[in-house]
$ cat start_7.cif   # mmCIF, C-alpha atoms
data_work
#
loop_
_atom_site.label_atom_id
_atom_site.label_comp_id
_atom_site.auth_asym_id
_atom_site.auth_seq_id
_atom_site.Cartn_x
_atom_site.Cartn_y
_atom_site.Cartn_z
CA MET A 1 0.00 0.00 0.00
CA THR A 2 1.50 3.33 -1.08
CA GLU A 3 1.17 6.62 0.79
CA ASP A 4 -1.59 7.75 -1.58
CA GLY A 5 -3.63 4.62 -0.86
CA GLN A 6 -2.79 2.67 -4.01
CA THR A 7 -2.14 -1.07 -3.81
CA VAL A 8 1.01 -2.28 -5.55
CA GLN A 9 1.84 -5.96 -6.04
CA ARG A 10 5.34 -7.34 -6.49
CA SER A 11 6.62 -10.89 -6.75
CA TYR A 12 9.61 -11.99 -4.67
CA ASP A 13 11.67 -15.01 -3.75
CA LEU A 14 12.44 -13.83 -0.22
CA LEU A 15 10.96 -10.85 1.59
CA VAL A 16 12.91 -9.57 4.60
CA GLY A 17 10.65 -7.51 6.85
CA THR A 18 12.79 -4.83 8.48
CA ASP A 19 10.07 -2.19 8.74
CA GLY A 20 10.26 -1.50 12.45
CA VAL A 21 8.14 -1.98 15.51
CA GLY A 22 4.97 -1.03 13.60
CA SER A 23 5.79 -3.54 10.86
CA ARG A 24 3.20 -3.99 8.10
CA VAL A 25 4.93 -7.21 7.10
CA ARG A 26 4.38 -8.59 10.60
CA ALA A 27 0.77 -7.40 10.55
CA ALA A 28 0.20 -9.26 7.28
CA LEU A 29 1.59 -12.45 8.82
CA GLN A 30 -0.77 -11.99 11.75
CA ASP A 31 -3.76 -11.53 9.45
CA GLU A 32 -2.95 -14.25 6.94
CA LEU A 33 -1.14 -16.92 8.97
CA GLY A 34 -2.24 -16.36 12.55
CA LEU A 35 1.17 -15.27 13.81
CA THR A 36 0.83 -14.39 17.49
CA VAL A 37 2.60 -11.28 18.72
CA ASP A 38 3.19 -9.87 22.21
CA ILE A 39 3.78 -6.10 22.14
CA SER A 40 4.34 -4.11 25.33
CA ASP A 41 5.17 -0.45 25.74
CA SER A 42 8.16 0.83 27.68
CA GLY A 43 5.89 3.10 29.69
CA ARG A 44 8.17 6.08 29.13
CA GLU A 45 8.24 9.04 26.76
CA TYR A 46 11.11 11.40 26.11
CA LYS A 47 11.87 14.78 24.61
CA VAL A 48 15.19 15.88 23.15
CA TYR A 49 16.98 19.13 23.93
CA GLY A 50 20.02 20.58 22.19
CA GLY A 51 22.51 23.44 22.02
CA LEU A 52 23.65 23.34 25.65
CA ARG A 53 27.17 22.78 26.94
CA ALA A 54 28.70 22.52 30.39
CA GLU A 55 31.74 21.02 32.08
CA LEU A 56 30.14 17.78 33.22
CA GLU A 57 33.07 15.42 33.72
CA PRO A 58 33.77 14.68 37.41
CA PRO A 59 37.25 15.48 38.80
CA GLU A 60 38.22 11.81 38.98
CA PHE A 61 37.89 11.60 35.18
CA ALA A 62 40.44 14.38 34.60
CA GLY A 63 43.05 13.46 32.02
CA ARG A 64 41.19 10.40 30.76
CA LYS A 65 40.32 9.91 27.13
CA GLY A 66 36.70 9.87 26.01
CA THR A 67 33.61 11.27 27.66
CA SER A 68 30.77 9.88 29.72
CA LEU A 69 27.00 9.85 29.64
CA HIS A 70 25.46 11.61 32.63
CA LEU A 71 22.18 10.23 33.92
CA TYR A 72 20.34 12.31 36.50
CA THR A 73 17.75 10.27 38.35
CA SER A 74 14.95 11.30 40.67
CA ASP A 75 12.63 9.89 43.30
CA ASP A 76 10.56 8.49 40.42
CA SER A 77 12.45 5.88 38.38
CA PHE A 78 10.53 6.80 35.21
CA THR A 79 11.75 10.41 35.42
CA THR A 80 15.33 10.85 34.21
CA PHE A 81 17.50 13.47 32.54
CA THR A 82 20.54 12.66 30.41
CA ALA A 83 23.40 14.94 29.42
CA HIS A 84 26.50 14.47 27.28
CA SER A 85 29.55 16.51 26.44
CA ASN A 86 27.83 16.87 23.08
CA PRO A 87 25.25 19.66 23.27
CA ASP A 88 22.19 17.43 23.36
CA GLY A 89 20.37 15.01 25.61
CA THR A 90 16.97 13.64 26.58
CA TYR A 91 14.40 14.16 29.28
CA SER A 92 12.12 11.21 30.09
CA LEU A 93 8.85 10.95 31.97
CA LYS A 94 6.22 8.29 32.49
CA THR A 95 3.93 7.94 29.48
CA GLY A 96 1.31 10.69 29.51
CA GLU A 97 3.04 13.01 31.97
CA HIS A 98 4.53 15.26 29.28
CA GLU A 99 0.97 16.10 28.23
CA GLN A 100 0.26 17.44 31.71
CA LEU A 101 3.09 20.00 31.48
CA THR A 102 1.56 22.70 29.31
CA SER A 103 3.85 25.66 29.99
CA GLN A 104 7.53 26.50 30.25
CA ALA A 105 7.03 27.38 33.91
CA ALA A 106 5.60 23.93 34.61
CA TYR A 107 8.63 22.25 33.05
CA GLU A 108 11.02 24.53 34.93
CA SER A 109 9.33 23.74 38.23
CA LEU A 110 9.55 20.00 37.66
CA LEU A 111 13.16 20.09 36.44
CA ARG A 112 14.31 22.06 39.48
CA ALA A 113 12.40 19.81 41.87
CA LYS A 114 13.45 16.49 40.33
CA PHE A 115 17.03 17.25 39.24
CA PRO A 116 18.72 19.69 41.65
CA SER A 117 22.18 18.50 40.56
CA MET A 118 21.73 19.18 36.83
CA PRO A 119 23.23 22.46 35.52
CA GLN A 120 20.68 24.94 36.80
CA ASP A 121 21.41 27.49 34.08
CA TRP A 122 20.15 24.89 31.60
CA VAL A 123 16.68 24.72 33.14
CA PRO A 124 15.00 27.67 31.32
CA GLU A 125 16.29 26.59 27.89
CA VAL A 126 15.48 22.89 28.37
CA ALA A 127 12.00 23.86 29.55
CA ALA A 128 11.47 26.20 26.58
CA GLN A 129 12.48 23.48 24.13
CA ALA A 130 10.40 20.84 25.89
CA VAL A 131 7.15 22.78 25.89
CA SER A 132 7.37 23.35 22.13
CA SER A 133 8.27 19.79 21.11
CA LYS A 134 6.39 16.52 20.88
CA ALA A 135 7.16 13.57 23.14
CA SER A 136 8.36 10.32 21.58
CA SER A 137 7.85 6.81 22.91
CA ALA A 138 10.93 5.37 24.60
CA GLY A 139 10.30 2.11 22.80
CA LYS A 140 8.34 -1.11 22.77
CA ARG A 141 9.26 -4.76 23.05
CA VAL A 142 7.98 -7.28 20.50
CA LYS A 143 7.84 -11.07 20.77
CA CYS A 144 6.61 -13.16 17.83
CA SER A 145 5.62 -16.83 17.95
CA GLN A 146 7.89 -17.30 14.94
CA LEU A 147 10.07 -15.09 12.78
CA HIS A 148 8.91 -16.30 9.38
CA GLY A 149 6.14 -17.14 6.96
CA PRO A 150 6.23 -18.58 3.44
CA GLY A 151 8.98 -16.66 1.67
CA ILE A 152 9.14 -14.09 4.50
CA ILE A 153 11.33 -13.42 7.53
CA LEU A 154 11.11 -10.74 10.23
CA LEU A 155 14.37 -9.10 11.29
CA GLY A 156 15.16 -6.37 13.81
CA ASP A 157 12.39 -4.40 15.50
CA ALA A 158 9.82 -5.92 13.14
CA GLY A 159 10.34 -9.30 14.77
CA HIS A 160 12.11 -8.78 18.08
CA ALA A 161 12.11 -5.19 19.34
CA VAL A 162 13.28 -4.39 22.86
CA SER A 163 13.13 -1.21 24.92
CA PRO A 164 16.23 1.01 25.35
CA VAL A 165 16.72 -0.08 28.97
CA PHE A 166 19.83 -2.12 28.02
CA GLY A 167 20.46 -0.55 24.62
CA GLN A 168 20.37 -3.95 22.88
CA GLY A 169 17.93 -3.26 20.04
CA ALA A 170 20.53 -2.32 17.44
CA ASN A 171 22.94 -5.02 18.61
CA SER A 172 20.22 -7.65 18.33
CA ALA A 173 19.26 -6.51 14.83
CA LEU A 174 22.89 -6.60 13.69
CA GLU A 175 23.29 -10.08 15.14
CA SER A 176 20.14 -11.18 13.29
CA GLY A 177 21.75 -9.93 10.09
CA LEU A 178 24.78 -12.10 10.83
CA VAL A 179 22.56 -15.11 11.53
CA LEU A 180 20.71 -14.51 8.26
CA ASP A 181 24.04 -14.47 6.43
CA ASP A 182 24.92 -17.85 7.94
CA VAL A 183 21.49 -19.25 7.03
CA LEU A 184 21.72 -18.01 3.45
CA GLN A 185 25.05 -19.75 3.04
CA ALA A 186 23.77 -22.95 4.66
CA CYS A 187 20.71 -23.05 2.40
CA LYS A 188 22.94 -22.86 -0.71
CA GLY A 189 20.61 -20.77 -2.84
CA ASP A 190 17.35 -22.46 -1.82
CA ALA A 191 15.35 -19.34 -0.91
CA SER A 192 12.32 -21.41 0.13
CA ALA A 193 14.35 -23.04 2.92
CA VAL A 194 15.63 -19.78 4.38
CA PRO A 195 12.60 -18.53 6.39
CA ALA A 196 12.09 -21.62 8.57
CA ALA A 197 15.84 -22.08 9.00
CA PHE A 198 16.26 -18.46 10.11
CA SER A 199 13.39 -18.71 12.58
CA GLN A 200 14.82 -21.91 14.05
CA ALA A 201 18.29 -20.40 14.35
CA ARG A 202 17.22 -17.09 15.88
CA LYS A 203 13.95 -17.43 17.78
CA GLU A 204 15.33 -18.86 21.02
CA ASP A 205 17.85 -16.05 21.45
CA VAL A 206 15.46 -13.19 20.67
CA HIS A 207 12.86 -14.66 23.02
CA ALA A 208 15.56 -14.77 25.71
CA LEU A 209 16.39 -11.11 25.05
CA PHE A 210 12.68 -10.25 25.34
CA TRP A 211 12.66 -11.85 28.81
CA ILE A 212 15.89 -10.09 29.84
CA ASP A 213 14.52 -6.74 28.69
CA ALA A 214 11.22 -7.23 30.53
CA ALA A 215 13.03 -8.34 33.69
CA ALA A 216 15.41 -5.36 33.59
CA PHE A 217 12.58 -2.95 32.87
CA SER A 218 10.73 -4.08 36.00
CA PHE A 219 13.36 -2.04 37.89
CA PHE A 220 11.43 1.06 36.82
CA ILE A 221 8.37 0.10 38.84
CA LYS A 222 8.07 0.55 42.59
CA LYS A 223 8.45 -3.15 43.36
CA PRO A 224 10.76 -4.92 40.90
CA SER A 225 9.58 -8.39 39.87
CA THR A 226 11.18 -11.65 40.91
CA ASP A 227 12.56 -11.88 37.37
CA PHE A 228 14.59 -8.71 37.96
CA PHE A 229 16.31 -10.20 41.00
CA LEU A 230 16.90 -13.47 39.13
CA LEU A 231 18.52 -11.47 36.33
CA ALA A 232 20.64 -9.49 38.80
CA ALA A 233 21.75 -12.69 40.53
CA HIS A 234 22.72 -14.21 37.19
CA VAL A 235 24.80 -11.16 36.23
CA VAL A 236 26.45 -10.66 39.63
CA LEU A 237 26.76 -14.23 40.88
CA GLY A 238 26.66 -16.24 37.67
CA THR A 239 23.75 -18.36 38.91
#
$ encode --input "start_7.cif" --output "structure tokens"
Amino acid sequence: MTEDGQTVQRSYDLLVGTDGVGSRVRAALQDELGLTVDISDSGREYKVYGGLRAELEPPEFAGRKGTSLHLYTSDDSFTTFTAHSNPDGTYSLKTGEHEQLTSQAAYESLLRAKFPSMPQDWVPEVAAQAVSSKASSAGKRVKCSQLHGPGIILLGDAGHAVSPVFGQGANSALESGLVLDDVLQACKGDASAVPAAFSQARKEDVHALFWIDAAAFSFFIKKPSTDFFLLAAHVVLGT
């Protein structure tokens, strides 16, 4: 379907659906083949600010190469503020809360209350930019019962999106590309064999990443789930 509403048909040997978390390819597989999909929202929205600079590196980093990401947290784990040595960053709130801040003064009040350690001379400019911009979703996680259909595979966010909590979305998509390369070579030119082989090779890992992402994200709620503590124990203790 084109942007002007026209339907266009094309034949193909192998269709790789890489059209993102709102994938039309995935939706077609749901409609035609009964693919089951679990989609959950991150529960956070963010706005981007830019054009601000400050000396943010702590004294103990003096003389070191590279720079660091600065994350200012608050008494609400959904509400965070990030800053870089580059003149841009993000400001995140729980989904829907940006809509409640309808003036620059409202943003300034919240920024000063939640982030007293951020550069205070930034507050008016960040607030001015925030009130005039639209909030974006901080991501969704997607889990599909399989990653293929006849002549079709789902790769990246179309088939296995995760939230930014661990920053693994791009890494996972790149790894899926590597797996697809291995599958293409193993199938020796038989395009019809590729979809099922890719799904078999990749599904277990992307389902595991879905669980890891959900477990890590539970940290953002008041009472983290048992899965979060199991994940933490695995990372820290190797259980």
$ closest_atom_pairs --input "start_7.cif" --of "segment 42-157 of chain A" --to "segment 196-202 of chain A" --cutoff "10 Å" --atoms "all atoms listed in the file" --output "CSV"
residue,atom,partner,partner_atom,distance
A:Ser145,CA,A:Ser199,CA,9.6
A:Gln146,CA,A:Ser199,CA,6.1
A:Leu147,CA,A:Ser199,CA,4.9
A:His148,CA,A:Ser199,CA,6.0
A:Gly149,CA,A:Ala196,CA,7.6
A:Pro150,CA,A:Ala196,CA,8.4
A:Gly151,CA,A:Ala196,CA,9.0
A:Ile152,CA,A:Ala196,CA,9.1
A:Ile153,CA,A:Phe198,CA,7.5
A:Leu154,CA,A:Ser199,CA,8.6
A:Leu155,CA,A:Phe198,CA,9.6
$ closest_residue --input "start_7.cif" --among "A:Val123, A:Val206, A:Leu110, A:Leu69" --to "Gly159 of chain A" --atoms "all atoms listed in the file"
A:Val206
$ atom_distance --input "start_7.cif" --atom1 "atom CA of Gly51 of chain A" --atom2 "atom CA of Trp122 of chain A"
10.0 Å
$ resolve_selection --input "start_7.cif" --expression "the PyMOL selection byres ((chain A and resi 161) around 7)" --output "JSON, numbers by chain"
{"A": [21, 140, 141, 142, 156, 157, 158, 159, 160, 162, 163, 169]}
$ residues_near_point --input "start_7.cif" --point "(8.3, 10.5, 30.4)" --cutoff "12 Å" --atoms "all atoms listed in the file" --output "VMD selection string"
chain A and resid 42 to 48 76 to 81 90 to 101 130 134 to 139 220
$ resolve_selection --input "start_7.cif" --expression "the PyMOL selection byres ((chain A and resi 118) around 10)" --output "ChimeraX atom specification"
/A:56,70-73,81-83,111-112,114-117,119-123
$ write_last_selection --input "start_7.cif" --atoms "C-alpha atoms" --output "short mmCIF file (atom, residue, chain, number, x, y, z; two decimals), keeping the file's coordinate frame"
data_model
loop_
_atom_site.label_atom_id
_atom_site.label_comp_id
_atom_site.auth_asym_id
_atom_site.auth_seq_id
_atom_site.Cartn_x
_atom_site.Cartn_y
_atom_site.Cartn_z
CA LEU A 56 30.14 17.78 33.22
CA HIS A 70 25.46 11.61 32.63
CA LEU A 71 22.18 10.23 33.92
CA TYR A 72 20.34 12.31 36.50
CA THR A 73 17.75 10.27 38.35
CA PHE A 81 17.50 13.47 32.54
CA THR A 82 20.54 12.66 30.41
CA ALA A 83 23.40 14.94 29.42
CA LEU A 111 13.16 20.09 36.44
CA ARG A 112 14.31 22.06 39.48
CA LYS A 114 13.45 16.49 40.33
CA PHE A 115 17.03 17.25 39.24
CA PRO A 116 18.72 19.69 41.65
CA SER A 117 22.18 18.50 40.56
CA PRO A 119 23.23 22.46 35.52
CA GLN A 120 20.68 24.94 36.80
CA ASP A 121 21.41 27.49 34.08
CA TRP A 122 20.15 24.89 31.60
CA VAL A 123 16.68 24.72 33.14
#
$ closest_residue --input "start_7.cif" --among "A:Gln168, A:Gln30, A:Ser132, A:Gln104" --to "Ala216 of chain A" --atoms "only C-alpha atoms"
A:Gln168
$ resolve_selection --input "start_7.cif" --expression "the PyMOL selection byres ((chain A and resi 14) around 7)" --output "JSON, numbers by chain"
{"A": [12, 13, 15, 16, 151, 152, 191]}
$ atom_distance --input "start_7.cif" --atom1 "atom CA of Val131 of chain A" --atom2 "atom CA of Ala54 of chain A"
22.0 Å
$ axis_aligned_box --input "start_7.cif" --around "segment 120-131 of chain A" --padding-each-side "5 Å" --output "AutoDock Vina command-line options"
--center_x 14.3 --center_y 24.3 --center_z 30.5 --size_x 24.3 --size_y 16.8 --size_z 22.7
$ residues_near_point --input "start_7.cif" --point "(3.1, -10.1, 13.0)" --cutoff "8 Å" --atoms "only C-alpha atoms" --output "list in words"
Ser23, Arg24, Val25, Arg26, Ala27, Ala28, Leu29, Gln30, Asp31, Leu35, Thr36, Val37, Cys144, Ala158 and Gly159 of chain A
$ closest_residue --input "start_7.cif" --among "A:Ala113, A:Val165, A:Val126, A:Cys187" --to "Asp75 of chain A" --atoms "only C-alpha atoms"
A:Ala113
$ atom_distance --input "start_7.cif" --atom1 "atom CA of Asp182 of chain A" --atom2 "atom CA of Asp213 of chain A"
25.7 Å
